[in-house]
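So this block is final.cif, mmCIF, C-alpha atoms and all ligand atoms:
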data_input
loop_
_atom_site.label_atom_id
_atom_site.label_comp_id
_atom_site.auth_asym_id
_atom_site.auth_seq_id
_atom_site.Cartn_x
_atom_site.Cartn_y
_atom_site.Cartn_z
CA MET A 1 0.00 0.00 0.00
CA LYS A 2 1.38 3.50 -0.95
CA ASP A 3 2.65 5.48 2.06
CA THR A 4 0.03 8.14 1.22
CA ALA A 5 -2.67 5.56 1.82
CA PRO A 6 -5.23 6.56 4.48
CA LYS A 7 -5.08 4.48 7.66
CA PRO A 8 -7.61 1.62 7.77
CA GLN A 9 -8.78 2.84 11.20
CA ASP A 10 -9.49 6.32 9.80
CA LEU A 11 -11.47 4.80 6.92
CA LEU A 12 -13.36 2.61 9.38
CA GLU A 13 -14.40 5.61 11.46
CA ILE A 14 -15.83 7.26 8.34
CA ALA A 15 -17.56 4.01 7.30
CA VAL A 16 -19.16 3.52 10.73
CA ARG A 17 -20.45 7.11 10.92
CA VAL A 18 -21.85 7.03 7.40
CA ALA A 19 -23.36 3.53 7.80
CA ARG A 20 -25.08 4.51 11.05
CA ASP A 21 -26.67 7.52 9.37
CA GLY A 22 -27.75 5.35 6.45
CA ALA A 23 -29.24 2.78 8.82
CA ALA A 24 -31.20 5.52 10.60
CA THR A 25 -32.67 6.64 7.27
CA ALA A 26 -33.65 3.07 6.35
CA ARG A 27 -35.30 2.59 9.77
CA ARG A 28 -37.26 5.84 9.48
CA MET A 29 -38.43 5.00 5.95
CA ARG A 30 -39.51 1.52 7.07
CA ALA A 31 -41.57 3.03 9.88
CA GLU A 32 -43.21 5.32 7.32
CA GLY A 33 -44.22 2.26 5.28
CA VAL A 34 -42.16 0.32 2.77
CA SER A 35 -43.05 -0.94 -0.70
CA ALA A 36 -41.15 -2.27 -3.64
CA VAL A 37 -40.62 0.45 -6.19
CA ALA A 38 -39.22 -1.75 -8.91
CA THR A 39 -37.82 -5.16 -9.76
CA LYS A 40 -34.35 -5.85 -11.14
CA SER A 41 -33.00 -9.19 -12.45
CA THR A 42 -36.25 -11.11 -11.90
CA ALA A 43 -39.79 -10.48 -10.63
CA THR A 44 -38.70 -11.35 -7.08
CA ASP A 45 -35.53 -9.21 -7.10
CA VAL A 46 -37.01 -6.05 -5.61
CA VAL A 47 -35.63 -2.60 -4.87
CA THR A 48 -37.30 -0.19 -2.48
CA ALA A 49 -37.19 3.60 -2.27
CA ALA A 50 -35.06 3.15 0.84
CA ASP A 51 -32.36 1.16 -1.00
CA ARG A 52 -31.98 4.10 -3.37
CA ALA A 53 -32.28 6.86 -0.78
CA VAL A 54 -29.70 5.27 1.53
CA GLU A 55 -27.28 4.78 -1.35
CA ARG A 56 -27.63 8.41 -2.47
CA GLN A 57 -27.15 9.58 1.13
CA VAL A 58 -24.03 7.44 1.69
CA ILE A 59 -22.50 8.59 -1.61
CA ALA A 60 -23.11 12.24 -0.65
CA ASP A 61 -21.64 11.74 2.84
CA LEU A 62 -18.55 9.98 1.46
CA ARG A 63 -18.08 12.75 -1.10
CA VAL A 64 -17.91 15.25 1.79
CA ALA A 65 -15.61 13.07 3.92
CA ARG A 66 -13.29 11.99 1.08
CA PRO A 67 -14.02 13.99 -2.10
CA GLY A 68 -11.71 12.08 -4.48
CA ASP A 69 -12.91 8.57 -3.73
CA THR A 70 -15.00 6.26 -5.89
CA VAL A 71 -18.13 4.44 -4.73
CA LEU A 72 -19.38 1.14 -6.16
CA GLY A 73 -22.99 0.71 -5.01
CA GLU A 74 -25.62 -1.95 -5.68
CA GLU A 75 -28.25 0.47 -7.01
CA TYR A 76 -26.26 3.13 -8.92
CA GLY A 77 -23.08 1.28 -9.84
CA VAL A 78 -19.86 3.32 -9.91
CA SER A 79 -20.02 6.97 -8.87
CA GLY A 80 -17.25 9.48 -8.35
CA ASP A 81 -14.54 10.68 -10.64
CA ARG A 82 -11.28 8.82 -11.21
CA PRO A 83 -9.45 8.82 -7.90
CA ALA A 84 -6.95 11.65 -7.52
CA ALA A 85 -3.21 10.86 -7.37
CA GLY A 86 -1.96 8.88 -4.41
CA ALA A 87 -3.87 5.99 -2.97
CA ALA A 88 -7.03 5.03 -4.84
CA VAL A 89 -9.83 4.41 -2.33
CA ARG A 90 -12.96 2.66 -3.57
CA TRP A 91 -15.96 2.28 -1.28
CA ILE A 92 -18.10 -0.83 -1.85
CA LEU A 93 -21.70 -0.34 -0.69
CA ASP A 94 -24.84 -2.40 -0.27
CA PRO A 95 -27.32 0.17 1.09
CA ILE A 96 -29.73 -2.53 2.31
CA ASP A 97 -28.45 -6.08 2.14
CA GLY A 98 -31.42 -8.35 2.73
CA THR A 99 -33.95 -6.20 0.87
CA VAL A 100 -36.61 -8.93 0.88
CA ASN A 101 -36.27 -9.18 4.67
CA TYR A 102 -36.62 -5.37 4.80
CA LEU A 103 -39.77 -5.59 2.68
CA TYR A 104 -41.30 -8.28 4.94
CA GLY A 105 -40.05 -6.83 8.21
CA LEU A 106 -37.82 -9.76 9.10
CA PRO A 107 -35.15 -8.09 11.28
CA ASN A 108 -32.16 -9.27 9.25
CA TYR A 109 -31.07 -6.53 6.88
CA ALA A 110 -28.00 -4.34 6.96
CA VAL A 111 -25.99 -1.47 5.59
CA SER A 112 -22.74 -3.01 4.35
CA LEU A 113 -19.83 -0.64 3.56
CA ALA A 114 -16.20 -1.50 2.83
CA ALA A 115 -13.16 0.61 1.94
CA GLU A 116 -10.78 -0.85 -0.64
CA VAL A 117 -7.31 0.63 -1.18
CA ASP A 118 -5.44 -0.33 -4.32
CA GLY A 119 -7.72 -3.33 -4.75
CA VAL A 120 -7.46 -4.59 -1.15
CA VAL A 121 -10.35 -4.30 1.32
CA VAL A 122 -8.83 -2.65 4.42
CA ALA A 123 -11.89 -1.65 6.47
CA GLY A 124 -15.50 -2.73 6.69
CA VAL A 125 -18.71 -2.30 8.68
CA VAL A 126 -21.96 -4.28 8.59
CA ARG A 127 -24.75 -2.66 10.61
CA ASN A 128 -28.01 -4.53 11.19
CA ILE A 129 -30.58 -1.79 10.57
CA ALA A 130 -33.32 -3.42 12.64
CA THR A 131 -31.28 -4.44 15.73
CA GLY A 132 -28.39 -1.98 15.65
CA THR A 133 -25.86 -4.81 15.88
CA GLU A 134 -22.59 -3.67 14.33
CA TRP A 135 -19.72 -5.76 13.04
CA THR A 136 -16.47 -4.04 12.10
CA ALA A 137 -12.99 -4.98 10.93
CA THR A 138 -9.74 -3.49 9.69
CA LEU A 139 -7.06 -5.36 7.78
CA GLY A 140 -4.68 -6.79 10.37
CA GLY A 141 -6.68 -5.11 13.12
CA GLY A 142 -9.15 -7.89 13.91
CA ALA A 143 -12.94 -8.19 13.75
CA TYR A 144 -15.44 -7.00 16.34
CA ARG A 145 -19.11 -7.21 17.13
CA ASP A 146 -20.25 -4.21 19.14
CA GLY A 147 -16.64 -3.87 20.33
CA HIS A 148 -16.12 -7.52 21.27
CA ARG A 149 -13.31 -9.31 19.39
CA LEU A 150 -14.43 -12.23 17.20
CA HIS A 151 -12.74 -15.59 16.63
CA GLY A 152 -15.13 -17.76 14.62
CA SER A 153 -16.34 -21.26 15.44
CA ALA A 154 -14.14 -23.95 17.09
CA GLU A 155 -16.12 -26.72 15.41
CA THR A 156 -13.87 -29.19 13.53
CA ASP A 157 -16.41 -31.83 12.41
CA LEU A 158 -18.46 -30.98 9.28
CA ALA A 159 -21.16 -33.45 10.35
CA GLN A 160 -21.68 -31.28 13.46
CA ALA A 161 -21.56 -27.97 11.61
CA LEU A 162 -24.43 -25.48 11.39
CA VAL A 163 -24.08 -24.09 7.87
CA GLY A 164 -25.55 -20.88 6.48
CA THR A 165 -26.44 -20.42 2.80
CA GLY A 166 -28.70 -18.50 0.44
CA PHE A 167 -30.53 -18.65 -2.89
CA GLY A 168 -30.54 -16.33 -5.87
CA TYR A 169 -33.46 -14.60 -7.55
CA ASP A 170 -33.30 -16.65 -10.77
CA PRO A 171 -35.58 -19.76 -10.56
CA ALA A 172 -33.11 -21.88 -12.59
CA ARG A 173 -30.29 -20.99 -10.24
CA ARG A 174 -32.50 -21.66 -7.22
CA LEU A 175 -33.18 -25.14 -8.57
CA HIS A 176 -29.44 -25.81 -8.87
CA GLN A 177 -28.83 -24.42 -5.36
CA ALA A 178 -31.63 -26.66 -4.02
CA ARG A 179 -29.96 -29.69 -5.61
CA VAL A 180 -26.68 -28.76 -3.91
CA LEU A 181 -28.53 -28.37 -0.62
CA LEU A 182 -30.14 -31.81 -1.09
CA GLY A 183 -26.67 -33.34 -1.33
CA LEU A 184 -25.32 -31.39 1.62
CA ILE A 185 -28.14 -31.40 4.18
CA ALA A 186 -27.57 -34.97 5.44
CA ARG A 187 -23.82 -34.33 5.76
CA VAL A 188 -24.02 -31.36 8.21
CA ARG A 189 -25.82 -30.59 11.51
CA ASP A 190 -28.37 -28.25 9.89
CA ILE A 191 -28.84 -25.29 7.55
CA ARG A 192 -29.67 -21.65 8.29
CA ARG A 193 -30.99 -19.22 5.66
CA ALA A 194 -30.82 -15.68 7.12
CA GLY A 195 -31.41 -13.85 3.84
CA ALA A 196 -28.54 -11.34 3.95
CA ALA A 197 -25.04 -12.42 2.87
CA ALA A 198 -23.28 -9.60 4.72
CA ILE A 199 -24.94 -10.67 7.98
CA ASP A 200 -24.38 -14.38 7.23
CA LEU A 201 -20.62 -13.74 6.88
CA CYS A 202 -20.62 -11.86 10.20
CA LEU A 203 -22.59 -14.63 11.95
CA ALA A 204 -19.91 -17.07 10.74
CA ALA A 205 -17.22 -14.67 12.01
CA GLU A 206 -18.73 -14.73 15.51
CA GLY A 207 -19.43 -18.47 15.47
CA ALA A 208 -23.22 -18.08 15.57
CA ILE A 209 -23.08 -20.41 12.58
CA ASP A 210 -20.08 -22.61 11.91
CA ALA A 211 -19.69 -21.91 8.17
CA TYR A 212 -21.37 -20.22 5.21
CA TYR A 213 -21.46 -20.64 1.44
CA GLU A 214 -23.45 -19.02 -1.37
CA LYS A 215 -23.39 -18.76 -5.14
CA GLY A 216 -24.14 -15.56 -7.04
CA LEU A 217 -22.91 -12.88 -4.62
CA ASN A 218 -21.78 -9.50 -5.85
CA ALA A 219 -18.86 -7.47 -4.47
CA TRP A 220 -21.25 -5.34 -2.39
CA ASP A 221 -22.79 -8.43 -0.74
CA GLN A 222 -19.45 -9.76 0.48
CA ALA A 223 -16.80 -7.01 0.72
CA ALA A 224 -17.33 -5.84 4.30
CA GLY A 225 -18.62 -9.14 5.72
CA GLY A 226 -15.74 -10.97 4.03
CA LEU A 227 -13.16 -8.84 5.87
CA VAL A 228 -15.00 -9.39 9.16
CA ALA A 229 -14.83 -13.15 8.49
CA THR A 230 -11.12 -13.26 7.61
CA GLU A 231 -10.16 -10.96 10.49
CA ALA A 232 -12.00 -13.40 12.79
CA GLY A 233 -9.67 -16.15 11.53
CA LEU A 234 -11.94 -17.73 8.90
CA VAL A 235 -10.77 -18.89 5.49
CA LEU A 236 -12.66 -17.07 2.71
CA GLY A 237 -12.50 -18.40 -0.83
CA GLY A 238 -14.12 -20.04 -3.81
CA LEU A 239 -13.53 -23.57 -5.08
CA LYS A 240 -10.34 -25.06 -6.50
CA GLY A 241 -8.15 -22.14 -5.48
CA GLN A 242 -10.48 -19.48 -6.87
CA PRO A 243 -11.01 -16.32 -4.82
CA ALA A 244 -14.43 -15.76 -3.22
CA GLY A 245 -16.64 -14.39 -5.96
CA PRO A 246 -19.88 -14.75 -7.97
CA ASP A 247 -19.24 -18.45 -8.67
CA LEU A 248 -19.10 -19.21 -4.97
CA VAL A 249 -18.24 -17.67 -1.63
CA VAL A 250 -17.22 -20.09 1.14
CA ALA A 251 -16.33 -18.89 4.64
CA ALA A 252 -15.29 -21.35 7.33
CA PRO A 253 -12.72 -21.87 10.08
CA PRO A 254 -9.52 -23.58 8.79
CA ALA A 255 -10.58 -27.00 10.17
CA LEU A 256 -13.92 -26.94 8.36
CA PHE A 257 -12.96 -25.15 5.13
CA GLY A 258 -11.29 -28.20 3.51
CA PRO A 259 -14.10 -30.73 4.19
CA LEU A 260 -16.82 -28.21 3.23
CA HIS A 261 -14.86 -27.21 0.09
CA ASP A 262 -14.52 -30.82 -1.02
CA LEU A 263 -18.22 -31.52 -0.47
CA LEU A 264 -19.19 -28.39 -2.44
CA VAL A 265 -16.88 -29.47 -5.30
CA GLU A 266 -18.51 -32.92 -5.26
CA LEU A 267 -21.96 -31.25 -5.44
CA ASP A 268 -20.91 -28.79 -8.21
CA ALA A 269 -21.94 -25.85 -5.99
CA ALA A 270 -20.09 -23.34 -8.18
CA GLY A 271 -21.71 -24.75 -11.33
CA GLY A 272 -25.18 -24.41 -12.76
CA PRO A 273 -26.89 -21.25 -14.10
C1 LIG A 301 -29.33 -10.76 -1.02
C2 LIG A 301 -28.17 -11.51 -0.43
C3 LIG A 301 -28.60 -12.90 0.02
C4 LIG A 301 -29.09 -13.66 -1.14
C5 LIG A 301 -30.24 -12.93 -1.78
C6 LIG A 301 -29.83 -11.51 -2.19
P1 LIG A 301 -29.90 -8.24 -1.62
O1 LIG A 301 -28.88 -9.51 -1.43
O2 LIG A 301 -27.69 -10.81 0.68
O3 LIG A 301 -27.54 -13.61 0.61
O4 LIG A 301 -29.47 -14.96 -0.76
O5 LIG A 301 -30.65 -13.66 -2.91
O6 LIG A 301 -28.85 -11.57 -3.18
O7 LIG A 301 -30.59 -8.48 -2.95
O8 LIG A 301 -30.86 -8.22 -0.51
O9 LIG A 301 -28.99 -7.04 -1.64
#
Would you encode the structure as structure tokens?
Amino acid sequence: MKDTAPKPQDLLEIAVRVARDGAATARRMRAEGVSAVATKSTATDVVTAADRAVERQVIADLRVARPGDTVLGEEYGVSGDRPAAGAAVRWILDPIDGTVNYLYGLPNYAVSLAAEVDGVVVAGVVRNIATGTEWTATLGGGAYRDGHRLHGSAETDLAQALVGTGFGYDPARRLHQARVLLGLIARVRDIRRAGAAAIDLCLAAEGAIDAYYEKGLNAWDQAAGGLVATEAGLVLGGLKGQPAGPDLVVAAPPALFGPLHDLLVELDAAGGP
């Protein structure tokens, strides 16, 4: 990282302040009544007015805090001019991860915001909008939940593992994911489907679930939660040496990552539509 690079802790403080304000806006708008304003990739992939309002607010706040930075957001894509000279900071934002939960009032949706410097995520916050729970991490600085340091699960036996996962919006992909689940469900303790990847990664980081995997995630779903997971000591990756990405994200403690990886390869979890 260039010596002019901002300190991860300084970027985290900006991320936390901006994410808290965004969460407050999402909460207020939910109390005023929430409805889907449009659909995206499929008829069940909804976006609400709050998703858009929170993203616009976070972009505006980041522009004040760090004028030269770029923002990659779920709803508006890339905003901000080419980074000025010196360290290129890109913010990666999911204004409301778990939008379907937000629509239904299931208290599992979050503002997820990460700061990436020269292509490396160095700070991240995931704030549950409904409960106020906040997970944070800085590169090399550890992961925390509401200020308590996280260390992931101590489970070493896949057959005893509580595994989190999720399903996409495309029916053909859901069918493939269901087939993978069919092959996996008798080989683990049980499955949990929380409905928000950023929160799932943080639950794995704190050991509330033992491991997590999902196909079809975008950078904004996994950037901040992924850093929380790795700073809690988890292995984060795809299959066959691939990095965590749209094909598959797997997060698990070192003892579980190998066995879960091999089972997901066997079940072609990164394949399908
Ligand atoms: C959601 C992810 C979740 C996945 C959903 C959806 P969104 O993101 O967080 O893990 O299962 O299909 O992609 O659409 O709420 O930002």
Six-sided padding of 4 Å per side, axis-aligned box over region 123-138 of chain A, centre and edges in Å, one decimal, as JSON:
{"center_x": -21.5, "center_y": -3.7, "center_z": 11.2, "size_x": 31.6, "size_y": 12.1, "size_z": 17.4}
Practice problem: For CA of Ala15 (chain A) and CA of Val125 (chain A), quote the distance in Å rounded to one decimal. | Solution: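 Atom-to-atom, CA of Ala15 (chain A) and CA of Val125 (chain A) are spaced 6.6 Å apart.
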Which residues form the shell of 8 Å around ligand LIG 301 (chain A) when you count all atoms listed in the file, given as a JSON list (two decimals) with C-alpha atoms, in the frame of the given file?
[["chain", "number", "residue", "atom", "x", "y", "z"],
["A", 45, "ASP", "CA", -35.53, -9.21, -7.10],
["A", 46, "VAL", "CA", -37.01, -6.05, -5.61],
["A", 47, "VAL", "CA", -35.63, -2.60, -4.87],
["A", 74, "GLU", "CA", -25.62, -1.95, -5.68],
["A", 94, "ASP", "CA", -24.84, -2.40, -0.27],
["A", 95, "PRO", "CA", -27.32, 0.17, 1.09],
["A", 96, "ILE", "CA", -29.73, -2.53, 2.31],
["A", 97, "ASP", "CA", -28.45, -6.08, 2.14],
["A", 98, "GLY", "CA", -31.42, -8.35, 2.73],
["A", 99, "THR", "CA", -33.95, -6.20, 0.87],
["A", 100, "VAL", "CA", -36.61, -8.93, 0.88],
["A", 101, "ASN", "CA", -36.27, -9.18, 4.67],
["A", 109, "TYR", "CA", -31.07, -6.53, 6.88],
["A", 165, "THR", "CA", -26.44, -20.42, 2.80],
["A", 166, "GLY", "CA", -28.70, -18.50, 0.44],
["A", 167, "PHE", "CA", -30.53, -18.65, -2.89],
["A", 168, "GLY", "CA", -30.54, -16.33, -5.87],
["A", 169, "TYR", "CA", -33.46, -14.60, -7.55],
["A", 193, "ARG", "CA", -30.99, -19.22, 5.66],
["A", 194, "ALA", "CA", -30.82, -15.68, 7.12],
["A", 195, "GLY", "CA", -31.41, -13.85, 3.84],
["A", 196, "ALA", "CA", -28.54, -11.34, 3.95],
["A", 197, "ALA", "CA", -25.04, -12.42, 2.87],
["A", 198, "ALA", "CA", -23.28, -9.60, 4.72],
["A", 199, "ILE", "CA", -24.94, -10.67, 7.98],
["A", 200, "ASP", "CA", -24.38, -14.38, 7.23],
["A", 214, "GLU", "CA", -23.45, -19.02, -1.37],
["A", 216, "GLY", "CA", -24.14, -15.56, -7.04],
["A", 217, "LEU", "CA", -22.91, -12.88, -4.62],
["A", 218, "ASN", "CA", -21.78, -9.50, -5.85],
["A", 220, "TRP", "CA", -21.25, -5.34, -2.39],
["A", 221, "ASP", "CA", -22.79, -8.43, -0.74]]
Practice problem: Select all residues near (-23.2, -24.8, 11.7) (cut-off 6 Å, inclusive, file coordinates), counting all atoms listed in the file, and output them as a PyMOL selection string. | Solution: chain A and resi 161-163+209-211
Practice problem: May I ask which of the residues A:Leu248, A:Val120, A:Ile191, A:Ala205 is the closest one to His261 (chain A), counting all atoms listed in the file? | Solution: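 Closest to His261 (chain A) of all the choices is A:Leu248.
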Exercise. Grab the CA of Arg63 (chain A) to CA of Ala130 (chain A) distance for me, in Å with one decimal place.
Key: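 Spanning CA of Arg63 (chain A) to CA of Ala130 (chain A) is a straight-line distance of 26.1 Å.
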Practice problem: Mind checking which residues fall within 12 Å of Leu72 (chain A), counting only C-alpha atoms, ignoring those fewer than 2 positions away in the same chain, and posting them as a count of residues only? | Solution: 32
Quiz item: Hey, what's within 12 Å of Gly132 (chain A) if we count all atoms listed in the file and toss same-chain stuff fewer than 5 positions away? As a ChimeraX atom specification, please?
Solution: /A:16,19-24,26-27,107-111,125-127,145-146
Write out as a PDB file with C-alpha atoms, in the frame of the given file each polymer residue whose atoms come within 8 Å of Gly142 (chain A), counting all atoms listed in the file; drop sequence neighbours fewer than 5 positions from it.
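After the write, around17.pdb holds the following:
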ATOM      1  CA  ALA A 137     -12.990  -4.980  10.930  1.00  0.00           C
ATOM      2  CA  ARG A 149     -13.310  -9.310  19.390  1.00  0.00           C
ATOM      3  CA  LEU A 150     -14.430 -12.230  17.200  1.00  0.00           C
ATOM      4  CA  VAL A 228     -15.000  -9.390   9.160  1.00  0.00           C
ATOM      5  CA  GLU A 231     -10.160 -10.960  10.490  1.00  0.00           C
ATOM      6  CA  ALA A 232     -12.000 -13.400  12.790  1.00  0.00           C
TER       7      ALA A 232
END
Practice problem: Kindly give the distance, in Å, that separates CA of Gly226 (chain A) and CA of Ala255 (chain A), rounded to a single decimal. | Solution: 17.9 Å
Quiz item: Which residues, written as a ChimeraX atom specification, have at least one atom at most 12 Å from Val188 (chain A), with all atoms listed in the file counted and residues fewer than 3 positions away on the same chain left out?
Solution: /A:155-164,181-185,191-192,209-212,256,259-260,263
Exercise. Name the closest residue to Pro8 (chain A) among the candidates A:Leu175, A:Val122, A:Leu234, A:Ala224; distances are taken between atoms, counting all atoms listed in the file.
Key: A:Val122
Quiz item: Which of these residues is nearest to Gln9 (chain A), using all atoms listed in the file: A:Ala36, A:Val64, A:Leu139, A:Val117?
Solution: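 The answer is A:Leu139, which sits nearest to Gln9 (chain A).
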Practice problem: Would you please work out which residue, of A:Gln222, A:Ser41, A:Gln177, A:Thr230, is nearest to Ala269 (chain A) when using only C-alpha atoms? | Solution: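 The closest residue to Ala269 (chain A) is A:Gln177.
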